[in-house]
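Participant: Structure in structure tokens, see below.
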Amino acid sequence: GIDDDDPDAANLRTTDRADQQGRSRYERAIHFYDQAKVAAGDAGVELSWTLHIVPGVAHSNHDMAPFAAKVLFNP
């Protein structure tokens with residue numbers, strides 16, 4: 001979720017290498033998606049993923065589940 005943006009969150013790896021990917025889980029998710037697009041382009045294929053940014057949700061399976069269910073079961 002977009003609110004998973006705390007750079008001091010518990011259990012968030014904060015090494016130099018990890019921080020190069022972003023300072024929060026949200027930033028790292030965006031970085032991961034962007035890098036997947038680059039890799040797909042380098043391979044000459046279109047990335048078939050869709051990025052869904054969920055408002056009002058931080059690092060919570062419980063809060064993310066309703067959004068994930070809609071994406072997975074109501075395409």
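Convention: chains lettered A, B, ... in structure tokens order; per-chain residue numbering from 1; ligands numbered from 1 as shown.
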Excluding same-chain residues fewer than 4 positions from A:Pro55, what lies within 9 Å of it counting only C-alpha atoms, as a count of residues only?

Facilitator: 3

Participant: Mind checking which residues fall within 8 Å of A:Lys37, counting only C-alpha atoms, ignoring those fewer than 4 positions away in the same chain, and posting them as a PyMOL selection string?

Facilitator: chain A and resi 33+41+46-47

Participant: Print the selection's residues with N, CA, C and O atoms to a file, as a compact mmCIF listing (two decimals), in the first residue's frame.

Facilitator:
# COMPACT_ATOMS: atom_id res chain seq x y z
N TYR A 33 9.10 -2.77 -9.73
CA TYR A 33 8.25 -2.72 -10.93
C TYR A 33 8.99 -2.02 -12.08
O TYR A 33 8.98 -2.52 -13.21
N GLY A 41 11.91 -4.84 -21.42
CA GLY A 41 12.35 -4.11 -22.60
C GLY A 41 13.67 -4.63 -23.14
O GLY A 41 13.84 -4.79 -24.35
N GLU A 46 7.02 -7.14 -23.87
CA GLU A 46 6.24 -6.18 -23.10
C GLU A 46 5.95 -6.77 -21.72
O GLU A 46 5.56 -7.94 -21.60
N LEU A 47 6.12 -5.97 -20.69
CA LEU A 47 5.79 -6.43 -19.34
C LEU A 47 4.27 -6.56 -19.24
O LEU A 47 3.54 -5.61 -19.52

Participant: Which residues come within 10 Å of A:Asp19, counting only C-alpha atoms, excluding same-chain residues fewer than 6 positions away, as a VMD selection string?

Facilitator: chain A and resid 7 12 to 13 25 27 to 28

Participant: Determine which residues of chain A DSSP labels as alpha helix (DSSP H) from the backbone of this structure, then write them out as a PyMOL selection string.

Facilitator: chain A and resi 16-19+25-42+61-73

Participant: Take the residues from that selection and write them out as an mmCIF file, in the first residue's frame, keeping C-alpha atoms.

Facilitator:
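Output contents, as saved in selection37.cif:
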data_model
loop_
_atom_site.group_PDB
_atom_site.id
_atom_site.type_symbol
_atom_site.label_atom_id
_atom_site.label_comp_id
_atom_site.auth_asym_id
_atom_site.auth_seq_id
_atom_site.Cartn_x
_atom_site.Cartn_y
_atom_site.Cartn_z
ATOM 1 C CA ASP A 16 23.300 0.563 1.801
ATOM 2 C CA ARG A 17 22.458 -1.935 -0.933
ATOM 3 C CA ALA A 18 18.837 -2.280 0.197
ATOM 4 C CA ASP A 19 18.428 1.485 0.493
ATOM 5 C CA ARG A 25 8.739 -0.767 1.198
ATOM 6 C CA TYR A 26 6.589 1.427 -1.040
ATOM 7 C CA GLU A 27 9.641 2.938 -2.769
ATOM 8 C CA ARG A 28 11.143 -0.532 -3.173
ATOM 9 C CA ALA A 29 7.937 -1.836 -4.741
ATOM 10 C CA ILE A 30 7.996 0.977 -7.307
ATOM 11 C CA HIS A 31 11.688 0.315 -7.950
ATOM 12 C CA PHE A 32 11.027 -3.418 -8.424
ATOM 13 C CA TYR A 33 8.249 -2.716 -10.930
ATOM 14 C CA ASP A 34 10.374 -0.194 -12.829
ATOM 15 C CA GLN A 35 13.271 -2.638 -13.003
ATOM 16 C CA ALA A 36 10.924 -5.356 -14.281
ATOM 17 C CA LYS A 37 9.844 -2.998 -17.090
ATOM 18 C CA VAL A 38 13.500 -2.371 -17.967
ATOM 19 C CA ALA A 39 14.279 -6.099 -17.963
ATOM 20 C CA ALA A 40 11.278 -6.827 -20.181
ATOM 21 C CA GLY A 41 12.349 -4.109 -22.597
ATOM 22 C CA ASP A 42 15.899 -5.459 -22.646
ATOM 23 C CA ASN A 61 -1.994 -8.285 4.986
ATOM 24 C CA HIS A 62 -5.423 -7.766 6.535
ATOM 25 C CA ASP A 63 -5.909 -4.355 4.928
ATOM 26 C CA MET A 64 -4.410 -5.398 1.575
ATOM 27 C CA ALA A 65 -6.444 -8.608 1.203
ATOM 28 C CA PRO A 66 -9.706 -7.027 -0.081
ATOM 29 C CA PHE A 67 -7.816 -5.205 -2.841
ATOM 30 C CA ALA A 68 -5.812 -8.305 -3.754
ATOM 31 C CA ALA A 69 -8.978 -10.405 -3.915
ATOM 32 C CA LYS A 70 -10.552 -7.967 -6.388
ATOM 33 C CA VAL A 71 -7.485 -8.090 -8.616
ATOM 34 C CA LEU A 72 -7.129 -11.866 -8.441
ATOM 35 C CA PHE A 73 -10.757 -12.936 -8.643
#

Participant: Given the choices A:Ala58, A:Asp4, A:Ala10, A:His52, which gets closest to A:Gly22 if the distance is worked out from only C-alpha atoms?

Facilitator: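 Checking each candidate against A:Gly22, we get A:Asp4 as the closest.
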
Participant: Would you work out the distance separating atom CA of A:Ser24 from atom CA of A:Ser48, expressed in Å to one decimal?

Facilitator: 24.9 Å

Participant: Have a look at atom CA of A:Ala43 and atom CA of A:Arg23 and let me know their distance in Å, one decimal.

Facilitator: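 For atom CA of A:Ala43 relative to atom CA of A:Arg23, the distance reads 28.2 Å.
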
Participant: Find the distance between atom CA of A:Asn74 and atom CA of A:Val57 and write it in Å to one decimal.

Facilitator: 20.1 Å
